[in-house]
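upload_14.tsv follows (TSV, C-alpha atoms):
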chain	number	residue	atom	x	y	z
J	647	MET	CA	-9.67	-23.14	-12.61
J	648	THR	CA	-5.95	-22.71	-13.04
J	649	GLN	CA	-4.13	-19.57	-12.09
J	650	SER	CA	-2.54	-17.58	-14.89
J	651	SER	CA	0.34	-15.41	-13.65
J	652	ILE	CA	2.37	-12.87	-15.50
J	653	ASP	CA	5.61	-14.64	-16.39
J	654	THR	CA	7.90	-11.85	-15.27
J	655	PRO	CA	7.32	-10.15	-11.93
J	656	SER	CA	6.75	-6.41	-11.85
J	657	TYR	CA	8.31	-4.01	-9.37
J	658	PHE	CA	7.18	-0.85	-7.62
J	659	LYS	CA	9.71	1.60	-6.16
J	660	SER	CA	8.49	2.62	-2.71
J	661	PRO	CA	10.12	5.08	-0.29
J	662	ILE	CA	11.51	2.11	1.64
J	663	GLY	CA	12.59	-0.14	-1.19
J	664	TRP	CA	11.49	-2.11	-4.20
J	665	ILE	CA	8.33	-4.21	-3.99
J	666	LYS	CA	8.08	-7.36	-6.09
J	667	ILE	CA	4.59	-7.95	-7.49
J	668	ILE	CA	2.98	-10.97	-9.10
J	669	GLU	CA	-0.45	-10.49	-10.63
J	670	SER	CA	-2.61	-13.05	-12.37
J	671	THR	CA	-5.82	-12.85	-14.32
J	672	LEU	CA	-7.56	-13.65	-11.01
J	673	GLY	CA	-5.91	-10.84	-9.05
J	674	LEU	CA	-2.86	-9.94	-6.98
J	675	THR	CA	-1.12	-13.12	-5.82
J	676	SER	CA	2.08	-11.78	-4.28
J	677	LEU	CA	3.40	-8.44	-3.03
J	678	LYS	CA	6.66	-8.51	-1.09
J	679	PHE	CA	9.64	-6.30	-0.47
J	680	SER	CA	12.55	-7.28	-2.67
J	681	ASP	CA	16.27	-7.17	-1.96
J	682	THR	CA	17.51	-4.55	-4.42
J	683	THR	CA	20.96	-6.07	-4.46
J	684	SER	CA	19.52	-9.00	-6.41
J	685	LEU	CA	17.78	-6.81	-9.00
J	686	ASP	CA	19.24	-5.69	-12.26
J	687	LEU	CA	17.43	-2.36	-12.13
J	688	LYS	CA	17.96	-1.81	-15.85
J	689	LEU	CA	15.80	-4.86	-16.57
J	690	VAL	CA	13.06	-4.25	-14.00
J	691	ASN	CA	9.55	-4.39	-15.44
J	692	THR	CA	7.69	-1.64	-13.62
J	693	ARG	CA	4.44	-2.00	-15.57
J	694	ILE	CA	1.73	-2.98	-13.09
J	695	SER	CA	-2.02	-2.72	-13.31
J	696	ARG	CA	-3.48	0.74	-12.91
J	697	PRO	CA	-5.54	-0.14	-9.78
J	698	LEU	CA	-2.50	-1.61	-8.06
J	699	ASN	CA	-0.28	1.33	-9.02
J	700	GLU	CA	-2.93	3.75	-7.68
J	701	ALA	CA	-3.33	1.73	-4.47
J	702	LEU	CA	0.42	1.58	-3.79
J	703	SER	CA	0.93	5.26	-4.64
J	704	LEU	CA	-1.92	6.27	-2.33
J	705	TYR	CA	-0.66	4.03	0.47
J	706	PHE	CA	2.85	5.50	0.37
J	707	LYS	CA	1.42	9.01	0.15
J	708	ASN	CA	-0.85	8.88	3.21
J	709	GLY	CA	-1.11	5.33	4.58
J	710	ASN	CA	-4.52	4.66	3.02
J	711	TRP	CA	-5.39	2.40	0.13
J	712	LEU	CA	-8.28	1.67	-2.13
J	713	ASN	CA	-10.22	-1.48	-1.29
J	714	ASN	CA	-11.01	-2.24	-4.90
J	715	LEU	CA	-8.08	-4.56	-5.51
J	716	SER	CA	-8.76	-8.07	-6.65
J	717	MET	CA	-6.56	-10.35	-4.55
J	718	ASN	CA	-5.91	-14.04	-5.06
J	719	PRO	CA	-3.45	-15.20	-2.39
J	720	GLN	CA	-2.45	-18.84	-2.51
J	721	GLY	CA	-2.59	-20.71	0.78
J	722	THR	CA	-4.44	-23.25	2.88
J	723	PRO	CA	-7.99	-22.55	4.06
J	724	PHE	CA	-6.59	-21.90	7.57
J	725	GLN	CA	-4.01	-19.41	6.27
J	726	LYS	CA	-6.64	-17.61	4.21
J	727	GLU	CA	-8.88	-17.32	7.28
J	728	ILE	CA	-6.04	-15.79	9.30
J	729	TRP	CA	-5.21	-13.38	6.45
J	730	GLU	CA	-8.85	-12.26	6.40
J	731	ILE	CA	-8.61	-11.52	10.14
J	732	LEU	CA	-5.50	-9.40	9.48
J	733	LYS	CA	-7.46	-7.28	7.00
J	734	GLN	CA	-9.76	-6.25	9.87
J	735	ILE	CA	-6.94	-4.53	11.80
J	736	PRO	CA	-7.53	-0.82	11.17
J	737	LYS	CA	-4.85	1.60	10.06
J	738	GLY	CA	-3.08	3.07	13.08
J	739	LYS	CA	-3.78	0.02	15.28
J	740	THR	CA	-1.90	-3.15	16.13
J	741	LYS	CA	-2.89	-6.57	17.42
J	742	THR	CA	-0.80	-9.28	19.05
J	743	TYR	CA	-0.46	-12.83	17.81
J	744	LYS	CA	-2.46	-13.87	20.87
J	745	GLN	CA	-5.27	-11.47	19.96
J	746	ILE	CA	-5.36	-12.86	16.41
J	747	ALA	CA	-5.57	-16.41	17.81
J	748	LEU	CA	-8.47	-15.32	20.02
J	749	LEU	CA	-10.22	-13.69	17.05
J	750	TYR	CA	-9.76	-16.97	15.21
J	751	GLY	CA	-11.40	-18.65	18.19
J	752	ASP	CA	-8.64	-20.88	19.48
J	753	LEU	CA	-5.91	-19.58	21.79
J	754	ASN	CA	-4.11	-22.92	21.44
J	755	SER	CA	-3.56	-22.14	17.75
J	756	ILE	CA	-1.19	-19.24	18.46
J	757	ARG	CA	1.84	-20.95	16.85
J	758	ALA	CA	-0.16	-21.92	13.78
J	759	VAL	CA	-1.51	-18.36	13.61
J	760	ALA	CA	2.02	-16.92	13.77
J	761	ASN	CA	3.12	-19.35	11.05
J	762	ALA	CA	0.18	-18.34	8.81
J	763	ILE	CA	0.95	-14.66	9.35
J	764	GLY	CA	4.58	-15.30	8.40
J	765	LYS	CA	3.45	-16.89	5.12
J	766	ASN	CA	1.26	-13.94	4.11
J	767	PRO	CA	1.96	-13.49	0.38
J	768	ILE	CA	0.39	-10.03	0.04
J	769	MET	CA	2.14	-7.61	2.38
J	770	LEU	CA	0.67	-4.16	3.05
J	771	PHE	CA	-2.85	-4.97	1.78
J	772	THR	CA	-3.04	-7.94	4.14
J	773	PRO	CA	-1.41	-5.96	6.95
J	774	CYS	CA	0.77	-8.48	8.77
J	775	HIS	CA	3.01	-5.56	9.76
J	776	ARG	CA	0.26	-4.56	12.23
J	777	VAL	CA	0.87	-7.70	14.30
J	778	VAL	CA	3.29	-7.33	17.21
J	779	GLY	CA	4.52	-9.51	20.05
J	780	SER	CA	2.54	-9.70	23.32
J	781	ASN	CA	5.01	-7.30	24.93
J	782	GLY	CA	4.67	-4.88	22.01
J	783	SER	CA	7.94	-5.95	20.41
J	784	MET	CA	8.48	-5.59	16.67
J	785	THR	CA	8.72	-9.28	15.90
J	786	GLY	CA	8.51	-11.34	12.78
J	787	TYR	CA	8.18	-9.29	9.62
J	788	ALA	CA	9.42	-10.79	6.36
J	789	GLY	CA	10.22	-7.32	5.03
J	790	GLY	CA	12.48	-6.62	7.99
J	791	ILE	CA	11.91	-4.92	11.34
J	792	GLU	CA	13.01	-1.48	10.11
J	793	LYS	CA	10.41	-1.59	7.32
J	794	LYS	CA	7.78	-2.76	9.82
J	795	LYS	CA	8.55	0.21	12.09
J	796	TRP	CA	8.44	2.59	9.14
J	797	LEU	CA	5.07	1.23	7.96
J	798	LEU	CA	3.54	1.46	11.43
J	799	GLU	CA	4.79	5.02	11.94
J	800	HIS	CA	3.58	5.92	8.43
J	801	GLU	CA	0.12	4.68	9.45
J	802	GLY	CA	0.18	6.73	12.65
J	803	VAL	CA	1.12	4.11	15.21
J	804	SER	CA	3.24	5.48	18.01
J	805	ILE	CA	6.06	3.00	18.31
J	806	GLN	CA	6.51	3.88	22.01
J	807	LYS	CA	2.80	3.25	22.54
J	808	THR	CA	3.14	-0.08	20.78
J	809	LEU	CA	5.98	-1.04	23.08
J	810	ASP	CA	3.82	-0.16	26.12
J	811	LEU	CA	1.01	-2.63	25.29
Could you render the structure from this file as structure tokens?
Amino acid sequence: MTQSSIDTPSYFKSPIGWIKIIESTLGLTSLKFSDTTSLDLKLVNTRISRPLNEALSLYFKNGNWLNNLSMNPQGTPFQKEIWEILKQIPKGKTKTYKQIALLYGDLNSIRAVANAIGKNPIMLFTPCHRVVGSNGSMTGYAGGIEKKKWLLEHEGVSIQKTLDL
């Protein structure tokens, strides 16, 4: 079955910046923060599906989201397995890359795990922002470290507590 994407991406204005969205008939395929300097805001298509709009609005209101979104991330079987592990990290909690590798079942895969996390195409709903360095450092977030800190604080994570892991 081939994937049918909307030709033009849609955008959602969040409190911390624009989010670029790609949806297909099979579900959400990409959700990433977008550099607003590259957007012609007069031409931005902000029409997104009702469930996704509701989920994003709810998330930015109180850090929760609805789990009724159909998601169709594109990746290798290994990446998809790691992304499923990320979805198990509860709101208000963090895990380290090492802990994710252990949950996967292979501590030696830590670099591959970090690489898979870095290629997560659906930010927020596959919460890669909840993964921190072994020393609690705010490492590796494609949306930028400041956005990662904001998201964690929004979800109730004490940044000082995170740094004291």
Have a look at J:Ile728, J:Ala788, J:Ala760, J:Ile665 and name the one nearest to Leu698 of chain J; count all atoms listed in the file.
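Smallest separation from Leu698 of chain J among the options: J:Ile665.
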Neighbours of Asn708 of chain J within 12 Å (all atoms listed in the file; same-chain residues fewer than 3 positions away dropped), as a list in words?
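Result of the neighbour search: Ala701, Leu702, Ser703, Leu704, Tyr705, Trp711, Leu712, Lys737, Gly738, Leu797, Leu798, Glu799, His800, Glu801 and Gly802 of chain J.
Atom CA of Asn710 of chain J sits 23.9 Å away from atom CA of Gly779 of chain J.
The coordinates place atom CA of Val803 of chain J at 26.9 Å from atom CA of Tyr657 of chain J.
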Which residue is closest to Ser680 of chain J? Choose from J:Leu749, J:Ile805, J:Ser755, J:Gly789 and count only C-alpha atoms.
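Between J:Leu749, J:Ile805, J:Ser755, J:Gly789, the residue approaching Ser680 of chain J most closely is J:Gly789.
Counting from atom CA of Gly709 of chain J, the distance to atom CA of Thr742 of chain J is 20.6 Å.
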Nearest to Lys795 of chain J among J:Asn714, J:Thr740, J:Pro719, J:Arg757, with distances taken over only C-alpha atoms: which residue is it?
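So, comparing all the options, the nearest one is J:Thr740.
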